[in-house]
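Coordinates as given in my_file_10.csv (CSV, C-alpha atoms):
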chain,number,residue,atom,x,y,z
I,224,MET,CA,123.7,6.3,65.8
I,225,LEU,CA,122.7,9.7,67.1
I,226,GLN,CA,120.1,11.3,64.9
I,227,ALA,CA,121.8,14.1,63.1
I,228,THR,CA,120.0,17.3,63.6
I,229,GLY,CA,120.7,20.3,61.3
I,230,LYS,CA,123.0,21.7,64.0
I,231,GLU,CA,125.0,18.5,64.2
I,232,ARG,CA,125.3,18.1,60.5
I,233,SER,CA,126.7,21.6,60.2
I,234,ALA,CA,129.3,21.1,62.9
I,235,PRO,CA,132.7,22.2,61.8
I,236,ARG,CA,135.4,19.5,61.7
I,237,HIS,CA,136.4,19.7,65.3
I,238,ARG,CA,139.2,17.4,66.4
I,239,ILE,CA,138.5,14.9,69.1
I,240,LEU,CA,140.9,12.7,71.2
I,241,ILE,CA,139.5,9.6,72.8
I,242,VAL,CA,141.5,7.9,75.5
I,243,ASP,CA,140.5,4.6,76.9
I,244,ASP,CA,142.3,1.3,77.6
I,245,GLU,CA,139.4,-0.8,76.3
I,246,GLU,CA,140.1,-1.4,72.6
I,247,LEU,CA,136.5,-2.1,71.8
I,248,ILE,CA,135.3,1.1,73.4
I,249,VAL,CA,137.9,3.1,71.5
I,250,GLN,CA,136.9,1.5,68.2
I,251,ALA,CA,133.2,2.1,68.8
I,252,MET,CA,133.7,5.7,69.8
I,253,ARG,CA,136.1,6.4,66.9
I,254,LYS,CA,133.5,5.1,64.5
I,255,TYR,CA,130.7,6.9,66.1
I,256,PHE,CA,132.3,10.3,66.3
I,257,ALA,CA,133.9,10.0,62.8
I,258,GLY,CA,130.4,9.3,61.6
I,259,LEU,CA,129.2,12.5,63.1
I,260,GLY,CA,131.8,14.4,61.0
I,261,TYR,CA,134.6,14.9,63.5
I,262,ASP,CA,138.3,14.2,63.1
I,263,VAL,CA,139.1,11.6,65.7
I,264,ASP,CA,142.4,10.4,67.2
I,265,SER,CA,142.6,7.9,70.0
I,266,ALA,CA,145.1,6.6,72.6
I,267,PHE,CA,145.1,3.6,74.9
I,268,GLU,CA,147.4,4.9,77.6
I,269,LEU,CA,148.4,8.1,79.4
I,270,GLU,CA,151.7,8.7,77.7
I,271,GLU,CA,150.3,8.0,74.2
I,272,ALA,CA,147.6,10.6,74.9
I,273,GLN,CA,150.2,13.0,76.2
I,274,ALA,CA,152.3,12.5,73.1
I,275,LEU,CA,149.3,13.4,71.0
I,276,LEU,CA,148.4,16.4,73.1
I,277,GLY,CA,152.0,17.6,72.8
I,278,ASN,CA,151.8,17.7,69.0
I,279,TYR,CA,148.2,18.5,68.1
I,280,ARG,CA,145.4,20.7,69.2
I,281,TYR,CA,142.1,19.1,70.2
I,282,ASP,CA,138.8,20.7,70.6
I,283,LEU,CA,137.5,17.9,72.8
I,284,VAL,CA,139.1,15.2,74.8
I,285,ILE,CA,137.1,12.2,76.1
I,286,ALA,CA,139.1,10.2,78.5
I,287,ASP,CA,138.5,7.3,80.8
I,288,LEU,CA,139.5,8.0,84.4
I,289,ARG,CA,141.3,4.7,84.8
I,290,LEU,CA,143.8,3.6,82.2
I,291,THR,CA,146.0,1.2,84.1
I,292,GLY,CA,143.8,-1.1,86.1
I,293,VAL,CA,142.9,-1.0,89.7
I,294,GLY,CA,143.2,2.4,91.4
I,295,GLY,CA,144.3,4.4,88.4
I,296,VAL,CA,143.2,8.0,88.0
I,297,GLU,CA,145.2,8.8,84.9
I,298,GLY,CA,142.2,10.7,83.5
I,299,LEU,CA,142.8,13.4,86.0
I,300,GLN,CA,146.3,14.0,84.6
I,301,ILE,CA,144.8,14.2,81.1
I,302,VAL,CA,142.4,16.9,82.3
I,303,ALA,CA,145.3,18.8,83.9
I,304,ASP,CA,147.4,18.5,80.7
I,305,VAL,CA,144.6,19.7,78.5
I,306,ARG,CA,143.8,22.7,80.8
I,307,GLN,CA,147.5,23.6,80.9
I,308,ARG,CA,147.6,23.8,77.1
I,309,TRP,CA,144.2,25.2,76.0
I,310,ALA,CA,141.7,27.2,78.0
I,311,ASN,CA,139.0,26.6,75.5
I,312,ALA,CA,139.3,22.9,74.9
I,313,ARG,CA,136.6,20.7,76.3
I,314,VAL,CA,137.2,17.6,78.5
I,315,ILE,CA,134.8,14.8,79.4
I,316,LEU,CA,135.9,12.2,81.9
I,317,LEU,CA,134.2,8.8,81.9
I,318,SER,CA,134.4,6.4,84.8
I,319,ALA,CA,132.8,3.3,86.2
I,320,TYR,CA,134.5,3.9,89.5
I,321,GLY,CA,133.8,7.6,90.1
I,322,THR,CA,133.4,8.6,93.7
I,323,PRO,CA,132.0,12.0,94.7
I,324,GLU,CA,135.5,13.0,95.7
I,325,ILE,CA,137.0,12.0,92.3
I,326,GLU,CA,134.2,13.7,90.5
I,327,ARG,CA,134.8,16.9,92.5
I,328,GLU,CA,138.5,16.8,91.8
I,329,SER,CA,137.8,16.3,88.1
I,330,TYR,CA,135.8,19.5,88.0
I,331,GLN,CA,138.4,21.3,90.1
I,332,ARG,CA,141.1,20.3,87.6
I,333,GLY,CA,139.0,21.7,84.8
I,334,ALA,CA,136.8,18.9,83.4
I,335,ASP,CA,133.7,20.1,81.7
I,336,ALA,CA,131.7,16.9,82.3
I,337,PHE,CA,132.0,13.8,84.4
I,338,LEU,CA,130.0,10.8,83.1
I,339,HIS,CA,129.4,7.6,85.0
I,340,LYS,CA,129.8,4.4,83.0
I,341,PRO,CA,128.0,2.6,81.6
I,342,LYS,CA,126.7,5.3,79.4
I,343,ALA,CA,125.1,4.9,76.0
I,344,MET,CA,127.1,6.3,73.1
I,345,MET,CA,124.3,8.6,72.3
I,346,GLU,CA,124.3,10.2,75.7
I,347,ILE,CA,128.1,10.7,75.5
I,348,ALA,CA,127.7,12.2,72.0
I,349,HIS,CA,124.9,14.6,73.2
I,350,VAL,CA,127.2,15.9,75.9
I,351,ALA,CA,130.1,16.1,73.5
I,352,VAL,CA,128.2,17.9,70.8
I,353,ASN,CA,126.7,20.4,73.3
I,354,LEU,CA,130.1,21.2,74.7
I,355,LEU,CA,131.6,21.7,71.2
I,356,GLU,CA,128.7,23.8,70.0
I,357,ASN,CA,128.9,26.1,73.1
I,358,ALA,CA,132.7,26.3,73.2
N,133,MET,CA,142.2,-3.6,78.6
N,134,LYS,CA,144.7,-3.9,75.8
N,135,GLU,CA,146.9,-6.8,76.4
N,136,HIS,CA,150.1,-5.2,75.4
N,137,SER,CA,151.2,-1.6,75.7
N,138,ALA,CA,152.2,0.4,72.7
N,139,LEU,CA,155.8,0.3,74.0
N,140,ASP,CA,155.8,-3.5,73.7
N,141,ALA,CA,154.8,-3.2,70.1
N,142,LEU,CA,157.5,-0.7,69.4
N,143,LEU,CA,160.2,-2.8,71.0
N,144,ALA,CA,159.1,-6.0,69.3
N,145,PRO,CA,161.0,-7.0,66.1
N,146,GLY,CA,159.7,-5.0,63.2
N,147,GLY,CA,158.1,-2.4,65.6
N,148,ILE,CA,160.3,0.3,64.4
N,149,ARG,CA,160.5,0.9,60.6
N,150,PRO,CA,163.5,2.6,59.1
N,151,LEU,CA,163.1,5.3,56.5
N,152,TYR,CA,165.9,7.2,54.8
N,153,GLN,CA,165.8,10.8,53.6
N,154,PRO,CA,168.5,12.3,51.3
N,155,LEU,CA,170.4,15.5,52.1
N,156,TYR,CA,171.8,17.4,49.1
N,157,ALA,CA,174.9,19.6,49.0
N,158,PHE,CA,175.0,22.4,46.4
N,159,THR,CA,178.3,23.2,44.8
N,160,ASN,CA,178.2,26.1,42.3
N,161,GLY,CA,174.4,25.7,42.2
N,162,ASP,CA,174.5,22.0,41.3
N,163,PRO,CA,173.2,19.5,43.8
N,164,HIS,CA,174.8,16.2,44.7
N,165,LEU,CA,173.7,13.6,47.1
N,166,PHE,CA,175.5,14.3,50.4
N,167,ALA,CA,173.9,11.9,52.9
N,168,PHE,CA,171.0,9.9,53.9
N,169,GLU,CA,169.4,10.6,57.3
N,170,CYS,CA,168.1,7.4,59.0
N,171,LEU,CA,164.6,8.1,60.3
N,172,SER,CA,162.2,5.9,62.2
N,173,ARG,CA,158.5,5.3,62.3
N,174,GLY,CA,156.3,3.1,64.4
N,175,PRO,CA,153.9,0.4,63.2
N,176,HIS,CA,151.4,1.2,60.4
N,177,GLY,CA,147.9,2.1,61.6
N,178,THR,CA,149.1,3.5,64.9
N,179,ASN,CA,149.8,7.0,66.2
N,180,PHE,CA,153.4,6.1,66.1
N,181,GLU,CA,153.6,6.4,62.3
N,182,ARG,CA,153.9,10.1,63.1
N,183,ALA,CA,157.5,10.7,64.2
N,184,PRO,CA,156.8,13.5,66.7
N,185,VAL,CA,154.2,11.4,68.5
N,186,LEU,CA,156.5,8.4,68.5
N,187,PHE,CA,159.4,10.1,70.1
N,188,GLU,CA,157.4,12.2,72.5
N,189,TYR,CA,155.9,8.9,73.7
N,190,VAL,CA,159.3,7.3,74.0
N,191,ARG,CA,160.5,10.2,76.0
N,192,LEU,CA,157.5,10.2,78.3
N,193,LYS,CA,158.2,6.4,78.8
N,194,ARG,CA,161.8,7.3,79.5
N,195,GLN,CA,162.9,4.7,76.9
N,196,GLU,CA,165.0,7.0,74.7
N,197,ALA,CA,168.2,5.0,75.1
N,198,LEU,CA,166.6,1.6,74.3
N,199,VAL,CA,164.7,3.0,71.3
N,200,ASP,CA,167.6,5.0,70.0
N,201,ARG,CA,169.6,1.7,69.9
N,202,ILE,CA,166.8,-0.1,68.1
N,203,CYS,CA,166.3,2.7,65.6
N,204,ILE,CA,170.0,2.8,64.8
N,205,SER,CA,170.6,-0.9,64.6
N,206,THR,CA,167.4,-1.4,62.5
N,207,ALA,CA,168.4,1.5,60.1
N,208,LEU,CA,172.0,0.3,59.7
N,209,GLU,CA,171.0,-3.3,59.2
N,210,GLN,CA,168.6,-2.4,56.4
N,211,LEU,CA,170.9,0.2,54.8
N,212,PRO,CA,171.3,-0.7,51.2
N,213,SER,CA,174.7,-0.3,49.5
N,214,MET,CA,175.4,3.2,48.4
N,215,ALA,CA,178.2,5.3,47.0
N,216,ARG,CA,181.2,5.3,49.3
N,217,ASP,CA,181.3,9.1,49.6
N,218,THR,CA,177.6,9.3,50.7
N,219,LYS,CA,177.3,9.9,54.5
N,220,VAL,CA,174.8,8.3,56.8
N,221,CYS,CA,173.1,10.3,59.6
N,222,VAL,CA,171.8,8.6,62.7
N,223,ASN,CA,169.8,10.3,65.4
N,224,VAL,CA,170.4,10.0,69.1
N,225,HIS,CA,169.0,11.8,72.1
N,226,ALA,CA,171.3,13.8,74.2
N,227,SER,CA,169.9,12.0,77.2
N,228,THR,CA,171.0,8.7,75.7
N,229,LEU,CA,174.6,10.0,75.3
N,230,ALA,CA,174.5,11.3,78.9
N,231,ARG,CA,173.0,8.3,80.6
N,232,ASP,CA,173.7,5.2,78.5
N,233,ALA,CA,177.3,4.4,79.3
N,234,GLY,CA,177.3,1.6,76.8
N,235,PHE,CA,176.0,3.5,73.9
N,236,ILE,CA,179.3,4.4,72.2
N,237,ASP,CA,180.4,0.8,72.3
N,238,PHE,CA,177.0,-0.2,70.8
N,239,LEU,CA,177.4,2.4,68.1
N,240,THR,CA,180.9,1.3,67.3
N,241,ARG,CA,179.7,-2.3,66.9
N,242,ALA,CA,176.7,-1.2,64.8
N,243,ILE,CA,178.9,0.9,62.4
N,244,ARG,CA,181.4,-1.9,62.1
N,245,LYS,CA,178.7,-4.5,61.4
N,246,ALA,CA,177.2,-2.2,58.7
N,247,GLU,CA,180.7,-2.0,57.2
N,248,LEU,CA,180.7,1.8,57.3
N,249,HIS,CA,183.8,3.8,57.9
N,250,PRO,CA,183.2,6.0,60.9
N,251,ALA,CA,184.1,9.1,58.8
N,252,ARG,CA,180.9,8.5,56.8
N,253,VAL,CA,178.7,8.6,59.9
N,254,ILE,CA,177.1,11.7,61.3
N,255,VAL,CA,175.6,11.4,64.7
N,256,ASP,CA,172.7,13.8,64.9
N,257,VAL,CA,172.2,14.9,68.5
N,258,ILE,CA,168.6,15.6,69.5
N,259,GLN,CA,168.1,17.6,72.7
N,260,HIS,CA,164.6,17.9,74.0
N,261,ALA,CA,165.3,18.7,77.6
N,262,PRO,CA,168.2,20.1,79.5
N,263,SER,CA,170.6,17.3,80.3
N,264,HIS,CA,171.1,16.6,84.0
N,265,ASP,CA,174.3,14.7,83.5
N,266,GLY,CA,176.7,17.1,82.0
N,267,ASP,CA,179.8,14.9,82.7
N,268,GLY,CA,178.3,11.8,81.1
N,269,PHE,CA,177.3,13.9,78.1
N,270,ALA,CA,180.7,15.5,77.7
N,271,LEU,CA,182.4,12.1,78.0
N,272,ALA,CA,180.2,10.7,75.3
N,273,VAL,CA,180.9,13.6,72.9
N,274,THR,CA,184.6,13.1,73.5
N,275,ARG,CA,184.3,9.4,72.8
N,276,LEU,CA,182.3,10.1,69.6
N,277,ARG,CA,185.1,12.3,68.4
N,278,SER,CA,187.6,9.5,69.2
N,279,LEU,CA,185.5,7.1,67.2
N,280,GLY,CA,185.8,9.4,64.2
N,281,VAL,CA,182.2,10.2,63.5
N,282,ALA,CA,181.0,13.7,62.8
N,283,ILE,CA,178.5,15.3,65.1
N,284,ALA,CA,175.4,17.3,64.1
N,285,LEU,CA,173.2,19.3,66.4
N,286,ASP,CA,169.5,18.8,65.4
N,287,ASP,CA,166.6,21.2,65.6
N,288,VAL,CA,168.9,24.3,66.1
N,289,GLY,CA,166.8,27.3,66.8
N,290,VAL,CA,164.1,25.6,68.9
N,291,GLY,CA,163.7,24.0,72.3
N,292,ALA,CA,166.8,22.9,74.1
N,293,SER,CA,169.2,23.0,71.1
N,294,ASN,CA,170.6,26.3,72.3
N,295,PHE,CA,173.8,28.2,72.4
N,296,LYS,CA,175.1,26.2,75.4
N,297,MET,CA,174.7,23.0,73.3
N,298,LEU,CA,176.7,24.6,70.6
N,299,LEU,CA,179.5,25.3,73.0
N,300,ASP,CA,179.2,21.8,74.7
N,301,VAL,CA,179.1,19.8,71.4
N,302,ALA,CA,181.1,22.0,69.0
N,303,PRO,CA,179.1,20.3,66.2
N,304,ASP,CA,180.4,19.7,62.7
N,305,TYR,CA,176.9,20.5,61.4
N,306,LEU,CA,174.1,22.7,62.6
N,307,LYS,CA,170.7,21.5,61.4
N,308,LEU,CA,168.3,24.4,61.3
N,309,ASP,CA,164.8,23.4,62.3
N,310,ARG,CA,162.1,23.6,59.7
N,311,CYS,CA,160.2,26.1,61.7
N,312,ILE,CA,163.0,28.6,61.0
N,313,VAL,CA,163.4,27.6,57.4
N,314,ASP,CA,159.8,27.1,56.3
N,315,GLY,CA,158.5,30.2,54.6
N,316,CYS,CA,161.8,32.1,54.7
N,317,HIS,CA,161.4,33.3,51.1
N,318,ASP,CA,158.9,36.0,52.2
N,319,ASP,CA,159.9,36.5,55.8
N,320,SER,CA,162.8,38.9,56.5
N,321,LYS,CA,163.0,37.9,60.1
N,322,ARG,CA,163.5,34.3,59.2
N,323,CYS,CA,166.2,35.3,56.7
N,324,ALA,CA,167.9,37.3,59.4
N,325,VAL,CA,168.0,34.3,61.8
N,326,ILE,CA,169.3,32.0,59.0
N,327,GLU,CA,171.9,34.4,57.9
N,328,SER,CA,173.2,35.0,61.5
N,329,LEU,CA,173.3,31.3,62.1
N,330,VAL,CA,175.3,30.7,58.9
N,331,GLN,CA,177.8,33.4,60.1
N,332,LEU,CA,177.9,31.8,63.6
N,333,ALA,CA,178.5,28.4,62.1
N,334,SER,CA,181.3,29.7,60.0
N,335,ARG,CA,183.0,31.2,63.1
N,336,LEU,CA,182.6,27.9,64.9
N,337,HIS,CA,184.0,25.9,61.9
N,338,SER,CA,180.6,24.2,61.5
N,339,THR,CA,178.4,23.7,58.4
N,340,VAL,CA,174.7,24.7,58.3
N,341,VAL,CA,172.1,22.2,57.1
N,342,ALA,CA,168.6,23.6,56.3
N,343,GLU,CA,165.8,21.1,57.1
N,344,GLY,CA,162.3,21.4,55.9
N,345,ILE,CA,162.8,22.8,52.4
N,346,GLU,CA,159.5,22.4,50.7
N,347,THR,CA,159.4,25.1,48.0
N,348,ASP,CA,161.7,26.3,45.3
N,349,ASP,CA,161.5,29.8,46.7
N,350,ASP,CA,162.8,28.7,50.1
N,351,LEU,CA,165.6,26.7,48.5
N,352,VAL,CA,166.7,29.7,46.5
N,353,ILE,CA,166.7,31.9,49.5
N,354,VAL,CA,168.6,29.6,51.9
N,355,GLN,CA,171.3,29.2,49.2
N,356,SER,CA,171.6,32.9,48.8
N,357,LEU,CA,172.0,33.2,52.5
N,358,GLY,CA,175.0,30.8,52.5
N,359,VAL,CA,173.4,27.4,53.2
N,360,ARG,CA,175.0,24.7,51.2
N,361,ILE,CA,173.4,21.5,52.5
N,362,VAL,CA,169.6,21.1,52.4
N,363,GLN,CA,167.0,18.5,53.2
N,364,GLY,CA,163.2,18.5,52.6
N,365,PHE,CA,160.2,17.2,50.8
N,366,LEU,CA,161.0,19.4,47.8
N,367,LEU,CA,164.1,17.4,47.1
N,368,ALA,CA,163.1,14.0,48.4
N,369,SER,CA,160.7,12.5,50.9
N,370,PRO,CA,161.8,9.9,53.5
N,371,MET,CA,161.8,6.5,51.7
N,372,GLU,CA,162.2,2.8,52.4
N,373,GLY,CA,165.5,1.2,51.9
N,374,ARG,CA,164.5,-0.7,48.9
N,375,LYS,CA,163.8,2.5,47.1
N,376,LEU,CA,167.1,3.9,48.2
N,377,VAL,CA,169.0,1.4,46.0
N,378,ALA,CA,168.0,3.1,42.8
N,379,TRP,CA,168.2,6.6,44.2
N,380,PRO,CA,170.1,9.0,41.9
N,381,SER,CA,173.4,10.3,43.4
N,382,LEU,CA,173.5,13.6,41.6
N,383,SER,CA,170.3,15.5,41.0
N,384,PRO,CA,167.1,15.3,43.0
N,385,SER,CA,165.2,16.4,39.9
N,386,SER,CA,166.2,13.2,38.1
N,387,ALA,CA,164.6,11.1,40.8
N,388,ALA,CA,161.6,9.0,39.9
If you took the structure in this file and wrote it as structure tokens, what would it be?
Amino acid sequence: MLQATGKERSAPRHRILIVDDEELIVQAMRKYFAGLGYDVDSAFELEEAQALLGNYRYDLVIADLRLTGVGGVEGLQIVADVRQRWANARVILLSAYGTPEIERESYQRGADAFLHKPKAMMEIAHVAVNLLENA
Amino acid sequence: MKEHSALDALLAPGGIRPLYQPLYAFTNGDPHLFAFECLSRGPHGTNFERAPVLFEYVRLKRQEALVDRICISTALEQLPSMARDTKVCVNVHASTLARDAGFIDFLTRAIRKAELHPARVIVDVIQHAPSHDGDGFALAVTRLRSLGVAIALDDVGVGASNFKMLLDVAPDYLKLDRCIVDGCHDDSKRCAVIESLVQLASRLHSTVVAEGIETDDDLVIVQSLGVRIVQGFLLASPMEGRKLVAWPSLSPSSAA
């Protein structure tokens, strides 16, 4: 687990939404971020994420680009949905299939970070914590 | 990837769990059990335990009609016996009424199977988006009237439950959304809205139901403003059918 610095320990209870169709990844990320002191929700598909976004405010959304198999780019829709609701929320997109074009589009839609899979949990957490601390 | 979508889990037997929440009517200050509203929740341990998330998801999946049917049939199948003057509220999306041509026949069968007289049933219409099929909706409302059930308009005061819906549905009950009711005891603007809706309902020969009553102060205020039927955690939480059997018919304060 990420070494908790004083700064991380003092982090307020931000609310994080994790969206990925891989159950094991979701479980691992939930456990990891909950361990860092965050309130964590998760969703496995686009509409489940959208239903949560429609009812709760999240400080950070970490979403996989592809949620429905080959060719999917649902993560881009999640970025747009978050941006439409909250200017200050942070969004990280993860992808094992990110092309430069997709990455560019992610930033155009308002993503704060685009991370290429595979990525160690600690690296994702560093990006997440930095985004939240500097929000 | 997950092998099955959340929708599969919801549609599977047992995927929707029925809960029942009492509504109380006050006569001369004394409460008596008026109705049970049939509510639905998704599987334990999922996001769909939270009703707003469940139904937002269902709407995004455009499965309102199918899920409405499952919620109603599940709730009525598990409905325990109760006093014969207690009413039963079931929820249905306006879009289901507008687009599901077989819904009224389904509802008729479900009510008959549950051995309920239609006069004891209140169909609570939920409107989350403007209906694009006005003719289908109007026909369904007419058929509900012919069936003999009462009609309530849910979430009045927010979203798409607007004045046009009042005109289109001519509901027997107006259910004021909790966001209007909650905190009314120290908010003159909320009181003004509630009072005006009570007056409007009276002119429309409708009855106001206040949802979301969570404090004694709010209860006292809504009663003073003319609301006679109330629902909320102060009086009773949603409960499973097995707890309903022993539920007191008179006073919420005597509940366990």
>> Can you tell me which residues surround Asp256 in chain N at a distance of at most 7 Å, considering all atoms listed in the file, apart from same-chain residues fewer than 4 positions away, and format the answer as JSON, numbers by chain?
In response: {"N": [221, 222, 223, 224, 283, 284, 285, 286]}
Export of the given selection (C-alpha atoms) as a PDB file, in the frame of the given file:
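Saved the output as selection-v5.pdb:
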ATOM      1  CA  CYS N 221     173.100  10.300  59.600  1.00  0.00           C
ATOM      2  CA  VAL N 222     171.800   8.600  62.700  1.00  0.00           C
ATOM      3  CA  ASN N 223     169.800  10.300  65.400  1.00  0.00           C
ATOM      4  CA  VAL N 224     170.400  10.000  69.100  1.00  0.00           C
ATOM      5  CA  ILE N 283     178.500  15.300  65.100  1.00  0.00           C
ATOM      6  CA  ALA N 284     175.400  17.300  64.100  1.00  0.00           C
ATOM      7  CA  LEU N 285     173.200  19.300  66.400  1.00  0.00           C
ATOM      8  CA  ASP N 286     169.500  18.800  65.400  1.00  0.00           C
TER       9      ASP N 286
END
>> List the spatial neighbours of Met344 in chain I as a VMD selection string - criterion: any atom at most 8 Å away, all atoms listed in the file, same-chain residues fewer than 3 positions off excluded.
In response: chain I and resid 252 255 347 to 348
> How far is it from CA of Gly277 in chain I to CA of Val290 in chain N, in Å with one decimal?
Replying inline: 15.0 Å
> For chain I against chain N, which residues fall within 7 Å using only C-alpha atoms, given as a VMD selection string?
Replying inline: chain I and resid 244 to 246 270 to 271 274 to 275 278
>> What does the structure give for the distance between CA of Phe235 in chain N and CA of Leu336 in chain N, in Å to one decimal?
In response: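 Answer for the CA of Phe235 in chain N to CA of Leu336 in chain N separation: 26.8 Å.
With only C-alpha atoms taken into account, the protein and nucleic acid residues at most 7 Å from Gly298 in chain I (excluding it and anything under 3 positions from it in its own chain) are Ala286, Asp287, Leu288, Arg289, Ile301, Val302 and Leu316 of chain I.
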>> One decimal, in Å: what's the spacing between CA of Leu240 in chain I and CA of Arg149 in chain N?
In response: 25.2 Å
Once you count all atoms listed in the file, which residues end up no further than 10 Å from (186.8, 5.7, 66.3) in the file's frame, shown as a CSV table (one decimal) with C-alpha atoms, keeping the file's coordinate frame?
chain,number,residue,atom,x,y,z
N,236,ILE,CA,179.3,4.4,72.2
N,240,THR,CA,180.9,1.3,67.3
N,249,HIS,CA,183.8,3.8,57.9
N,250,PRO,CA,183.2,6.0,60.9
N,251,ALA,CA,184.1,9.1,58.8
N,275,ARG,CA,184.3,9.4,72.8
N,276,LEU,CA,182.3,10.1,69.6
N,277,ARG,CA,185.1,12.3,68.4
N,278,SER,CA,187.6,9.5,69.2
N,279,LEU,CA,185.5,7.1,67.2
N,280,GLY,CA,185.8,9.4,64.2
N,281,VAL,CA,182.2,10.2,63.5
>> Need the shell around range 360-373 of chain N: protein/DNA/RNA residues with any atom at most 7 Å away, counting all atoms listed in the file. Skip same-chain ones fewer than 6 positions apart. Format as a ChimeraX atom specification?
In response: /N:150-158,210-212,340-347,384
Edge lengths and centre in Å, axis-aligned, range 177-182 of chain N plus 3 Å each side, as lines of an AutoDock Vina configuration file:
center_x = 150.9
center_y = 6.1
center_z = 63.9
size_x = 12.0
size_y = 14.0
size_z = 10.6
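Among N:Leu308, N:Gln195, N:Ala261, N:Thr274, the residue with the shortest atom-to-atom distance to Asp140 in chain N, counting all atoms listed in the file, is N:Gln195.
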> Do you know which residues are at most 12 Å from Ala343 in chain I counting all atoms listed in the file, after dropping those on the same chain fewer than 2 positions away, and could you put them as an MDAnalysis selection string?
Replying inline: chainID I and resid 224:225 248 251:252 255 317 338:341 345:350
Around the point (135.0, 4.3, 93.3), in the coordinates given by the file, pick out the residues reaching within 12 Å, counting all atoms listed in the file, and return them as a PDB file with C-alpha atoms, in the coordinates of the input.
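Produced file selection_6.pdb, reproduced below:
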ATOM      1  CA  LEU I 288     139.500   8.000  84.400  1.00  0.00           C
ATOM      2  CA  ARG I 289     141.300   4.700  84.800  1.00  0.00           C
ATOM      3  CA  VAL I 293     142.900  -1.000  89.700  1.00  0.00           C
ATOM      4  CA  GLY I 294     143.200   2.400  91.400  1.00  0.00           C
ATOM      5  CA  GLY I 295     144.300   4.400  88.400  1.00  0.00           C
ATOM      6  CA  VAL I 296     143.200   8.000  88.000  1.00  0.00           C
ATOM      7  CA  SER I 318     134.400   6.400  84.800  1.00  0.00           C
ATOM      8  CA  ALA I 319     132.800   3.300  86.200  1.00  0.00           C
ATOM      9  CA  TYR I 320     134.500   3.900  89.500  1.00  0.00           C
ATOM     10  CA  GLY I 321     133.800   7.600  90.100  1.00  0.00           C
ATOM     11  CA  THR I 322     133.400   8.600  93.700  1.00  0.00           C
ATOM     12  CA  PRO I 323     132.000  12.000  94.700  1.00  0.00           C
ATOM     13  CA  GLU I 324     135.500  13.000  95.700  1.00  0.00           C
ATOM     14  CA  ILE I 325     137.000  12.000  92.300  1.00  0.00           C
ATOM     15  CA  GLU I 326     134.200  13.700  90.500  1.00  0.00           C
ATOM     16  CA  HIS I 339     129.400   7.600  85.000  1.00  0.00           C
ATOM     17  CA  LYS I 340     129.800   4.400  83.000  1.00  0.00           C
TER      18      LYS I 340
END
> Of the candidates I:Ala303, I:Gln250, I:Arg313, I:Gly292, which one gets nearest to Glu328 in chain I if we count all atoms listed in the file?
Replying inline: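 For Glu328 in chain I, the nearest of the candidates is I:Ala303.
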